[in-house]
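Below is one structure; the comments refer to it alone.
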Number of protein chains: 2
Amino acid sequence: MTGFKRYLPILQWAPGYRPDQAASDLLAAVMVTVIMIPQALAYSVLAGLPPHVGLVASILPLVVYAVFGTSRSLSVGPMAITSLMTGAALAPIAVPGSPEYITAALLLAVMSGLMLLFMGVFRLGFLANFLSHPVTSGFVSASSLIIIASQIKDILGIDMHGQSLWVLGRDLFAHLGQTHWPTVAVGAASIVLLWGGRRFAKPALQRLGFTAPRAGLLSKTVPLLVVVLSMVVAWTFSLDERGVRLIGELSGGLPSLVLPTTDAGLWQQLAGSALLIGIVGFVGSLSSGQSLAAKRRERIDPDQELIGMGAANLASGLSGGMPVTASLSRSVVNFEAGAETPAAGAYAAVCIALTTLFLTPAIAWLPRATLAAVIIVSVSTLIDVRSLVRTWRYSLADVGAMLATIALTLAHSVEAGILGGVVLSVGLYLFRTSRPHVAVVGRVPDTEHFRNIRRYDVQLCPNVAFLRVDESLYFANARFLEETVLDLVTREPALKDLVLVCSGINLVDASALKSLETINERLRDAGVHLHLSEVKGPVMDRLKRTDLLDHLEGRVFLSTFDAWRALAPSGECPPAGVAP
Amino acid sequence: MTGFKRYLPILQWAPGYRPDQAASDLLAAVMVTVIMIPQALAYSVLAGLPPHVGLVASILPLVVYAVFGTSRSLSVGPMAITSLMTGAALAPIAVPGSPEYITAALLLAVMSGLMLLFMGVFRLGFLANFLSHPVTSGFVSASSLIIIASQIKDILGIDMHGQSLWVLGRDLFAHLGQTHWPTVAVGAASIVLLWGGRRFAKPALQRLGFTAPRAGLLSKTVPLLVVVLSMVVAWTFSLDERGVRLIGELSGGLPSLVLPTTDAGLWQQLAGSALLIGIVGFVGSLSSGQSLAAKRRERIDPDQELIGMGAANLASGLSGGMPVTASLSRSVVNFEAGAETPAAGAYAAVCIALTTLFLTPAIAWLPRATLAAVIIVSVSTLIDVRSLVRTWRYSLADVGAMLATIALTLAHSVEAGILGGVVLSVGLYLFRTSRPHVAVVGRVPDTEHFRNIRRYDVQLCPNVAFLRVDESLYFANARFLEETVLDLVTREPALKDLVLVCSGINLVDASALKSLETINERLRDAGVHLHLSEVKGPVMDRLKRTDLLDHLEGRVFLSTFDAWRALAPSGECPPAGVAP
């Protein structure tokens, strides 16, 4: 794809858009709206924002994503983890809910959007690779725990603040005496209904004669039903007069253009958070989109997804909304309800806009405890203990990065958790490759193959050593290579030729090149010739641009066997099993 | 080596110390003292410290290194780059030369020492690997430029401040009118003498009948001779009365115990700088030590070097000195003058202590312009344009990291330069490995070998694809692998079996394991079996701890040819050259 068609995936599907596709998309849109409305309300409150900001963020971004996105299933809007991160980023800046706070939230969406757009246009999507699986998984689990802890205040009707588990726990114990029992009743009832609905609605509907997929979809309406029920109860029994906190009057209205603040200090202060929120949201939505696309043998273009998600965030911030991304749970519903094109998202936007226009007076009656219950029940599925156990079994280095991410997230902050995890996993990778597997190899008798002398009964030759390095050579292991070779030479004073078998070397960077030169010089000082064998094509092309090969004391052999034939005439080499 | 003997290399050489070794060491110590004294004075002034701090830092650290260090040639003491970094770290904290400034400098040495000791005991020497060759080389060149620029003020006799080339340049133009010509005369004469001595002293001495090595060593006394000459001139002509700035009265005296400040805020503020100064110093001294040790087929233990250098810095800070490290130029002199054991350093310490005790009144007459000339001439050799050109030819990624380091160092600060360079080189490495070389391979007819179908005329089979990945699988390329495989499957709808040839895979981390599981699931959804072949031993051991192999739709083959025989019965596969 070239030109602007690359940037406008809508041009690929819109011209052939059929009525039957429109029907499927519409049905999916209604289902998505049903899940989206409780989530939009809940996640904006989670971020410390008025519910209206969440609704607005579920309108224009969906339309924009339909134009720029490549996934046919992703459902864009507020999401739990990014909302938590938004709240954490804004907490030091202003009082939650204040005009300055809202302004900063909008700016966060705009900046996040601009950064993703930038990354998309310049194809910097590989930056998302820094978020390794252990870090992402640990971060999501720990964030979910914090989200649940932060919602306890609304279930108990008490005051709590803070972003870390530590502060939240301290506040909880300090205010436990103020527990407001009518609120607890509403919250507990909501949790039971939501949890029961998730557990039993589908089998019950199947017993009533619905097919499994249809029963599954219908069961997803439970959160909306619980929300509506709680509003009816709150209105009937005037729960607000009994001290149960409600959402209250929404500022209401459709999205309108809000230019971002020009406060340069605020831009600077939020830059780091905006980047993290953008990348975390992008990584989550990309993996959701790819897993759904694979089921239809479709493809998702990561760089274009950056543009789609960037444009959606920009649209959100400019229309008065908060940072958005695709949530897996919502996207799965969209997929299972039969969405065939990104238009489904645009239709959902219309449904949500109508809700925002006409139903805000009713939403005012929604108890905060019910919203907290929605958050707790939906977020609890994100805690992934199984992944922790499996990583533990697989690799201590990886589980170390995961535990560090979890500990930092819980004890300090979400940003510290993710940054610490990234730094640690990069550090651990460099550590693991800094001491690569190196084997002295010998000839398997009567063959052209060479194997590790520690594992196989191979033929050796007294004055020639064959050393195989199973790793690309780069700055992290360049010094190790020097030390290994010099060690070998110090240990074997009779050595005259050293052949570096390069079959496992996919890259030699400038630091390693310098080390190879150093090794060559030091071996020359020690009277040993350095040879290379089995250098891969791309590595050789690059080495030819340097003067290493001119200064090389030895030769470059195509195969290790060639080197053997040239350096170790058979008469001189004892047969296998006899130590030289 | 076990127990405390590992930590005390002195126990290896001291028991067998011979008189002839002592004689060689003493001669080397005198030579090192001759170079050390001008350098100690110059580098303490470069760091904004009184000259006495530099002299003190050249006494106790040398003795301590003789006990804990493993190199027989390294000469420890103040060094140009670390002195520049010391000055840059202290500039925001206090006025250069003030008591608070000196206290902070001592603390910097203590912290730097403690950090290196910690790294040595816990064998964290691999952290130094983060400083890739392009970053180190670029950083040293850029720092040298800044050092030279910062000395212009003393040559011209004007006032200049600032740590970046930009601020220094602005100040230079603002104060150029104040140029003090007598000072310029002293500075210019010193530069000419120093430069001329470096260029012509050796050949002149050879012509007088000295052997080349002896002439080389004698020529190293030129800086001290110039310093003495300038003191004599300053005293004879009372240059201080003509406005030429002199070093002035030194506080003098031998080192004495100075406990580090307990100001916790200062510890926190200096922690980052202390770590950087420690690591930069360590990397420089380690490579100097290794290159000298290799000439005698000796070995240096990097972890023990951390302890030696850490103890030396701790000793420096506790005895009233600044951060120290080994300089290559000084160590080469030590080596060429015949130092045989680390005792040479201890003897040099005695010589310097005597100088400090008895010659401080004379040093007061030293013109600052001469000291600036010593710095400029010795640092100018560190600017390595050749390395830049060679890296440019070799690899654009590496030269990018180098240029970024240079630009950040010159335009912002030494710390920004080194941190930016490290972050960029790690990022570039991840970027390079995030899109590894992947080849669809086919069978070389009538052999058991498999080669890239784009480069060789090989045999293929319609429903089986062999995919070889030439890189370890880890978080940076895990997603790329998923995309590559799914791409292949989307492009070839008839595919039934996919064999992943793992000969180039040295490591599979938890993220890549997750990707392999995802690939297996998605291929299953698409009706394709995933097989593995040529999995390396250590990788297989680890995979066996997971349930990937249980869930694998296909099989694990020892060799790719085994897979070929099992999946592609010869009757079905067209001969080479015929597209399937």
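As shown in the structure tokens, the chain order sets the letters A, B, ...; within each chain, residues go from 1, and ligands are also counted from 1 in the order they appear.
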Residue neighbourhood stretch 90-103 of chain B, 12 Å, only C-alpha atoms, exclusion window fewer than 4 positions, as a PyMOL selection string: chain B and resi 44-54+83-86+107-110+161-164+258-263+265-267+269-274+317-323+413
With only C-alpha atoms considered, list every residue of chain A at most 6 Å from chain B, as an mmCIF file with N, CA, C and O atoms, in the first residue's frame.
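This is the output file part00.cif:
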```cif
data_model
loop_
_atom_site.group_PDB
_atom_site.id
_atom_site.type_symbol
_atom_site.label_atom_id
_atom_site.label_comp_id
_atom_site.auth_asym_id
_atom_site.auth_seq_id
_atom_site.Cartn_x
_atom_site.Cartn_y
_atom_site.Cartn_z
ATOM 1 N N ASN A 129 7.993 -3.017 22.012
ATOM 2 C CA ASN A 129 8.652 -4.284 22.335
ATOM 3 C C ASN A 129 9.335 -4.256 23.696
ATOM 4 O O ASN A 129 9.590 -5.291 24.283
ATOM 5 N N SER A 132 8.091 -6.249 27.873
ATOM 6 C CA SER A 132 8.140 -7.701 27.733
ATOM 7 C C SER A 132 6.888 -8.315 28.349
ATOM 8 O O SER A 132 6.162 -7.659 29.089
ATOM 9 N N HIS A 133 6.657 -9.584 28.042
ATOM 10 C CA HIS A 133 5.469 -10.245 28.564
ATOM 11 C C HIS A 133 5.455 -10.277 30.097
ATOM 12 O O HIS A 133 4.421 -9.942 30.695
ATOM 13 N N PHE A 475 27.960 -5.048 22.338
ATOM 14 C CA PHE A 475 28.647 -4.414 23.469
ATOM 15 C C PHE A 475 28.519 -5.174 24.783
ATOM 16 O O PHE A 475 29.436 -5.166 25.597
ATOM 17 N N ALA A 476 27.373 -5.854 25.004
ATOM 18 C CA ALA A 476 27.192 -6.517 26.294
ATOM 19 C C ALA A 476 28.150 -7.691 26.485
ATOM 20 O O ALA A 476 28.474 -8.039 27.613
ATOM 21 N N SER A 511 31.346 -2.242 18.954
ATOM 22 C CA SER A 511 32.094 -2.590 20.169
ATOM 23 C C SER A 511 32.760 -3.946 19.995
ATOM 24 O O SER A 511 33.908 -4.143 20.392
#
```
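Put simply, atom CA of B:Val458 is 15.4 Å away from atom CA of B:Arg565.
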Near-B:Leu549 list (10 Å; only C-alpha atoms; drop same-chain fewer than 5 positions) as a list of chain:residue names: B:Glu517, B:His531, B:Leu532, B:Met540, B:Leu543, B:Lys544, B:Gly554, B:Arg555, B:Val556
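Between atom CA of A:Ala401 and atom CA of A:Leu388 there is a distance of 10.8 Å.
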All alpha helix (DSSP H) positions in stretch 267-482 of chain B, as a ChimeraX atom specification: /B:267-294,302-318,328-336,343-363,368-379,385-394,396-411,414-434,475-482
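Closest approach to A:Gly77 from the set A:Ile10, A:Val64, A:Met231, A:Val441 is made by A:Val64, with distances taken over only C-alpha atoms.
Considering the residues B:Leu208, B:Ala89, B:Ser256, B:Met36 and counting only C-alpha atoms, B:Leu62 has its shortest atom-to-atom contact with B:Met36.
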Atom CA of A:His175 to atom CA of A:Met160, straight-line distance in Å: 7.7 Å
All residues 12 Å or closer to A:Phe200, only C-alpha atoms, same chain fewer than 6 positions away omitted, as an NGL selection string: :A and (192-194 or 206-207 or 215-216 or 218-220 or 222)
Now that the selection is made, can you save its residues with N, CA, C and O atoms as a PDB file, in the first residue's frame?
```pdb
ATOM      1  N   VAL A 192     -22.629  -9.206  44.230  1.00  0.00           N
ATOM      2  CA  VAL A 192     -23.218 -10.546  44.147  1.00  0.00           C
ATOM      3  C   VAL A 192     -23.945 -10.720  42.822  1.00  0.00           C
ATOM      4  O   VAL A 192     -23.788 -11.737  42.127  1.00  0.00           O
ATOM      5  N   LEU A 193     -24.741  -9.703  42.422  1.00  0.00           N
ATOM      6  CA  LEU A 193     -25.488  -9.813  41.167  1.00  0.00           C
ATOM      7  C   LEU A 193     -24.543  -9.903  39.962  1.00  0.00           C
ATOM      8  O   LEU A 193     -24.735 -10.725  39.057  1.00  0.00           O
ATOM      9  N   LEU A 194     -23.535  -9.052  39.964  1.00  0.00           N
ATOM     10  CA  LEU A 194     -22.601  -9.035  38.823  1.00  0.00           C
ATOM     11  C   LEU A 194     -21.828 -10.346  38.742  1.00  0.00           C
ATOM     12  O   LEU A 194     -21.680 -10.938  37.666  1.00  0.00           O
ATOM     13  N   GLN A 206     -28.933 -20.824  28.521  1.00  0.00           N
ATOM     14  CA  GLN A 206     -28.856 -22.008  27.653  1.00  0.00           C
ATOM     15  C   GLN A 206     -29.966 -22.993  28.021  1.00  0.00           C
ATOM     16  O   GLN A 206     -30.582 -23.590  27.151  1.00  0.00           O
ATOM     17  N   ARG A 207     -30.197 -23.094  29.342  1.00  0.00           N
ATOM     18  CA  ARG A 207     -31.270 -23.997  29.761  1.00  0.00           C
ATOM     19  C   ARG A 207     -32.622 -23.490  29.262  1.00  0.00           C
ATOM     20  O   ARG A 207     -33.540 -24.265  29.038  1.00  0.00           O
ATOM     21  N   ALA A 215     -26.475 -17.115  24.191  1.00  0.00           N
ATOM     22  CA  ALA A 215     -26.561 -17.020  25.648  1.00  0.00           C
ATOM     23  C   ALA A 215     -25.357 -16.257  26.192  1.00  0.00           C
ATOM     24  O   ALA A 215     -25.491 -15.404  27.087  1.00  0.00           O
ATOM     25  N   GLY A 216     -24.177 -16.530  25.591  1.00  0.00           N
ATOM     26  CA  GLY A 216     -22.968 -15.830  26.025  1.00  0.00           C
ATOM     27  C   GLY A 216     -23.111 -14.334  25.831  1.00  0.00           C
ATOM     28  O   GLY A 216     -22.788 -13.539  26.725  1.00  0.00           O
ATOM     29  N   LEU A 218     -25.933 -12.558  25.447  1.00  0.00           N
ATOM     30  CA  LEU A 218     -26.995 -11.992  26.291  1.00  0.00           C
ATOM     31  C   LEU A 218     -26.517 -11.814  27.725  1.00  0.00           C
ATOM     32  O   LEU A 218     -26.886 -10.837  28.387  1.00  0.00           O
ATOM     33  N   SER A 219     -25.674 -12.757  28.203  1.00  0.00           N
ATOM     34  CA  SER A 219     -25.205 -12.667  29.589  1.00  0.00           C
ATOM     35  C   SER A 219     -24.364 -11.417  29.808  1.00  0.00           C
ATOM     36  O   SER A 219     -24.194 -10.962  30.937  1.00  0.00           O
ATOM     37  N   LYS A 220     -23.830 -10.845  28.698  1.00  0.00           N
ATOM     38  CA  LYS A 220     -23.010  -9.643  28.834  1.00  0.00           C
ATOM     39  C   LYS A 220     -23.849  -8.421  29.178  1.00  0.00           C
ATOM     40  O   LYS A 220     -23.318  -7.333  29.436  1.00  0.00           O
ATOM     41  N   VAL A 222     -25.745  -8.243  31.708  1.00  0.00           N
ATOM     42  CA  VAL A 222     -25.951  -8.213  33.160  1.00  0.00           C
ATOM     43  C   VAL A 222     -25.461  -6.910  33.794  1.00  0.00           C
ATOM     44  O   VAL A 222     -26.208  -6.279  34.562  1.00  0.00           O
TER      45      VAL A 222
END
```
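Residues in contact range of B:Val499, defined as at most 10 Å between only C-alpha atoms, with sequence neighbours fewer than 4 positions away removed, read Val440, Val441, Val464, Ala465, Phe466, Leu467, Arg468, His529, Leu530, His531, Leu532, Ser533, Gly554, Arg555, Val556, Phe557, Thr560, Ala563, Trp564 and Leu567 of chain B.
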